[in-house]
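These notes concern the structure reproduced below.
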Amino acid sequence: MSGRVVVLTGGVGGAKLAQGLAAILPPRDLTAVVNTGDDFRHFGLAISPDIDTLLYTLSGRSDTLRGWGRAGETWNFMDAARSLSAPDWFALGDGDLALHVLRTDRLACGEPLSSIIADFAGSWGIATKILPMSDDPVATRLETDAGVLDFQDYFVARRCEPRVQTIRFDGAAAARPAPGVIKAIGDARTSAIVIAPSNPYLSIDPILAVPGVAEALRAAKAPVVAVSPIVGGAAVKGPTAKLMAEMGMVVSPAAVAAHYGNLVDAWLVDGRDAGSDFTAPHALADTLMPTLDDKVRVAKAALALAGSLA
């Protein structure tokens, strides 16, 4: 299909789909709106995990074996930090530190995150426009049986073990969409908006919590297509299924579709879930993405579905 594409994304699964879309679209025709609810400070440094995952993925620097971080990473800094009894629950690689140090320095000088990320992407030859959901701070926090936990404490330090009762996005009500976000969604040249198979509750909901974003999606002329994060009645990776069960939901594509409601026009559902109770408009495909060819295949299927709705 012709025209520009917007993808809402967060985490590794979202980065995989974005990579597939970037591989088949003309340069600069893809805009990625990325979750920043995971952002936090560690050792005084500003960390943006979902943005950095996308930067590494689209520049060919991601570690595909570990499934996170930068390929060819070394750990001299962490070894030295451990020797000084520093906490090591969140590992910062030597190469990874470059993004964090430079981002922290520029933020301290008053630059917005969106312009910093645009410069990083440009330095690495990334044609995709990468937009944080907001330049304002938004913090994902989880109310659990272990108390209220910051996202990284829950996700990394505690390995998603506490039971989750509710999820909140502190600061979202006062946040504004980053420059370009609303324009990209509503642009007459945008032919498709894709919600990646990212965790709906931890990666996509923070984006939707920023005032104006959900409204822009509902008003968009371009069709909104979502790729189901559930495959064969389970999540491919991460705590999606665990969260759904703890919050009283059936782990199914239908439950995710009900969560998004009228934001989504049609769904790309994995063929393993064919014959389930899914009644929303949808197409079936193999949505697993272990290789670049798989990422391209899923991206093409999502755009084909959007094209059928145009």
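In the structure tokens, each chain is lettered A, B, ... as it comes, each chain's residues begin at 1, and ligands are numbered from 1 in order of appearance.
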
(request) Enumerate, as a PyMOL selection string, the complete set of residues in region 166-208 of chain A that a backbone-based DSSP assignment places in strand (DSSP E or B). (result) chain A and resi 166-170+177+190-195

(message) At a cut-off of 8 Å, using only C-alpha atoms, what residues contact Ala15 (chain A)? Leave out same-chain residues fewer than 2 positions from it and give the result as an MDAnalysis selection string.
(response) chainID A and resid 9:13 17:19 53:54 57:58

(request) Write out as a list in words each polymer residue whose atoms come within 8 Å of Thr36 (chain A), counting only C-alpha atoms; drop sequence neighbours fewer than 6 positions from it. (result)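 Returned residues: Ser48, Pro49, Asp50, Ile51, Pro132, Met133, Ser134, Pro137, Val138, Ala139, Pro206 and Ile207 of chain A.
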
(message) Would you pick out the contacts of Ala235 (chain A) at 12 Å or less, using only C-alpha atoms, so that residues sharing its chain but fewer than 6 positions from it are not included, and give the list as a list of chain:residue names?
(response)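 That gives A:Gly13, A:Pro197, A:Ser198, A:Asn199, A:Pro200, A:Ser228, A:Pro229, A:Ala241, A:Lys242, A:Leu243, A:Met244, A:Ala245, A:Val251, A:Ser252, A:Pro253, A:Val256, A:Asp270, A:Asp273, A:Thr287, A:Leu288.
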
(request) Please identify all polymer residues within 8 Å of region 28-30 of chain A, counting only C-alpha atoms, omitting same-chain residues fewer than 3 positions from it, and present them as a list of chain:residue names. (result) A:Gly3, A:Arg4, A:Val5, A:Val6, A:Val7, A:Leu21, A:Ala22, A:Leu25, A:Ala127, A:Thr128, A:Lys129

(message) Among region 125-276 of chain A, which ones does DSSP assign to alpha helix (DSSP H) (computed from the backbone)? Answer as a ChimeraX atom specification.
(response) /A:151-152,181-186,205-209,213-219,240-246,253-260

Based on the selection just made, write C-alpha atoms of those residues as a short mmCIF file (atom, residue, chain, number, x, y, z; two decimals), in the first residue's frame.
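Result file is out19.cif:
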data_model
loop_
_atom_site.label_atom_id
_atom_site.label_comp_id
_atom_site.auth_asym_id
_atom_site.auth_seq_id
_atom_site.Cartn_x
_atom_site.Cartn_y
_atom_site.Cartn_z
CA PHE A 151 8.04 -0.43 36.48
CA GLN A 152 11.72 -1.37 36.36
CA VAL A 181 2.77 12.66 17.35
CA ILE A 182 -0.74 14.01 16.75
CA LYS A 183 0.24 15.37 13.35
CA ALA A 184 1.53 11.99 12.19
CA ILE A 185 -1.65 10.19 13.29
CA GLY A 186 -3.96 12.69 11.62
CA ASP A 205 -1.60 1.95 27.44
CA PRO A 206 1.00 4.53 28.59
CA ILE A 207 0.95 6.01 25.07
CA LEU A 208 -2.85 6.08 25.06
CA ALA A 209 -2.85 7.71 28.51
CA VAL A 213 -3.46 10.43 21.58
CA ALA A 214 -6.49 8.14 21.92
CA GLU A 215 -8.71 10.94 20.64
CA ALA A 216 -6.47 11.37 17.59
CA LEU A 217 -6.64 7.64 16.86
CA ARG A 218 -10.43 7.67 17.00
CA ALA A 219 -10.57 10.70 14.69
CA THR A 240 1.24 -10.01 29.31
CA ALA A 241 -0.55 -13.29 30.05
CA LYS A 242 0.37 -13.15 33.74
CA LEU A 243 -1.01 -9.62 34.05
CA MET A 244 -4.23 -10.53 32.27
CA ALA A 245 -4.86 -13.48 34.54
CA GLU A 246 -4.09 -11.47 37.68
CA PRO A 253 -7.02 -12.06 21.57
CA ALA A 254 -10.67 -11.28 22.25
CA ALA A 255 -9.84 -9.95 25.72
CA VAL A 256 -7.14 -7.69 24.29
CA ALA A 257 -9.55 -6.47 21.60
CA ALA A 258 -12.14 -5.68 24.27
CA HIS A 259 -9.49 -3.74 26.17
CA TYR A 260 -8.71 -1.51 23.17
#

(message) Considering only C-alpha atoms, can you say which of A:Asp105, A:Asp277, A:Asp145, A:Asp79 comes closest to Leu45 (chain A)?
(response) A:Asp105

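Near Lys300 (chain A), within 10 Å and counting only C-alpha atoms, sit A:Met1, A:Leu17, A:Gly20, A:Leu21, A:Ile24, A:Leu25, A:Asp294, A:Lys295, A:Val296, A:Arg297, A:Val298, A:Ala302, A:Leu303, A:Ala304, A:Leu305, A:Ala306; same-chain residues fewer than 2 positions away were not included.
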
Any chance you could export the current selection's C-alpha atoms as a PDB file, in the first residue's frame?
ATOM      1  CA  MET A   1       0.000   0.000   0.000  1.00  0.00           C
ATOM      2  CA  LEU A  17       7.371  -5.221  13.827  1.00  0.00           C
ATOM      3  CA  GLY A  20       9.670  -5.282   9.390  1.00  0.00           C
ATOM      4  CA  LEU A  21       7.740  -2.157   8.432  1.00  0.00           C
ATOM      5  CA  ILE A  24       9.319  -2.604   3.167  1.00  0.00           C
ATOM      6  CA  LEU A  25       8.389   1.075   3.300  1.00  0.00           C
ATOM      7  CA  ASP A 294       9.184 -13.162   9.502  1.00  0.00           C
ATOM      8  CA  LYS A 295       9.104  -9.515  10.564  1.00  0.00           C
ATOM      9  CA  VAL A 296       8.599  -8.457   6.954  1.00  0.00           C
ATOM     10  CA  ARG A 297       5.864 -11.066   6.492  1.00  0.00           C
ATOM     11  CA  VAL A 298       3.912  -9.810   9.518  1.00  0.00           C
ATOM     12  CA  ALA A 302      -0.742  -5.821   8.745  1.00  0.00           C
ATOM     13  CA  LEU A 303      -0.525  -3.343   5.880  1.00  0.00           C
ATOM     14  CA  ALA A 304      -2.577  -5.594   3.619  1.00  0.00           C
ATOM     15  CA  LEU A 305      -5.287  -5.698   6.286  1.00  0.00           C
ATOM     16  CA  ALA A 306      -5.175  -1.917   6.580  1.00  0.00           C
TER      17      ALA A 306
END

(message) Need the shell around region 93-100 of chain A: protein/DNA/RNA residues with any atom at most 12 Å away, counting only C-alpha atoms. Skip same-chain ones fewer than 3 positions apart. Format as a PyMOL selection string?
(response) chain A and resi 39-49+51-53+55-56+61-63+68-81+88+90+103-107+113+116-117+119-121+123-124

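Between CA of Ala196 (chain A) and CA of Asp286 (chain A) the separation is 14.4 Å.
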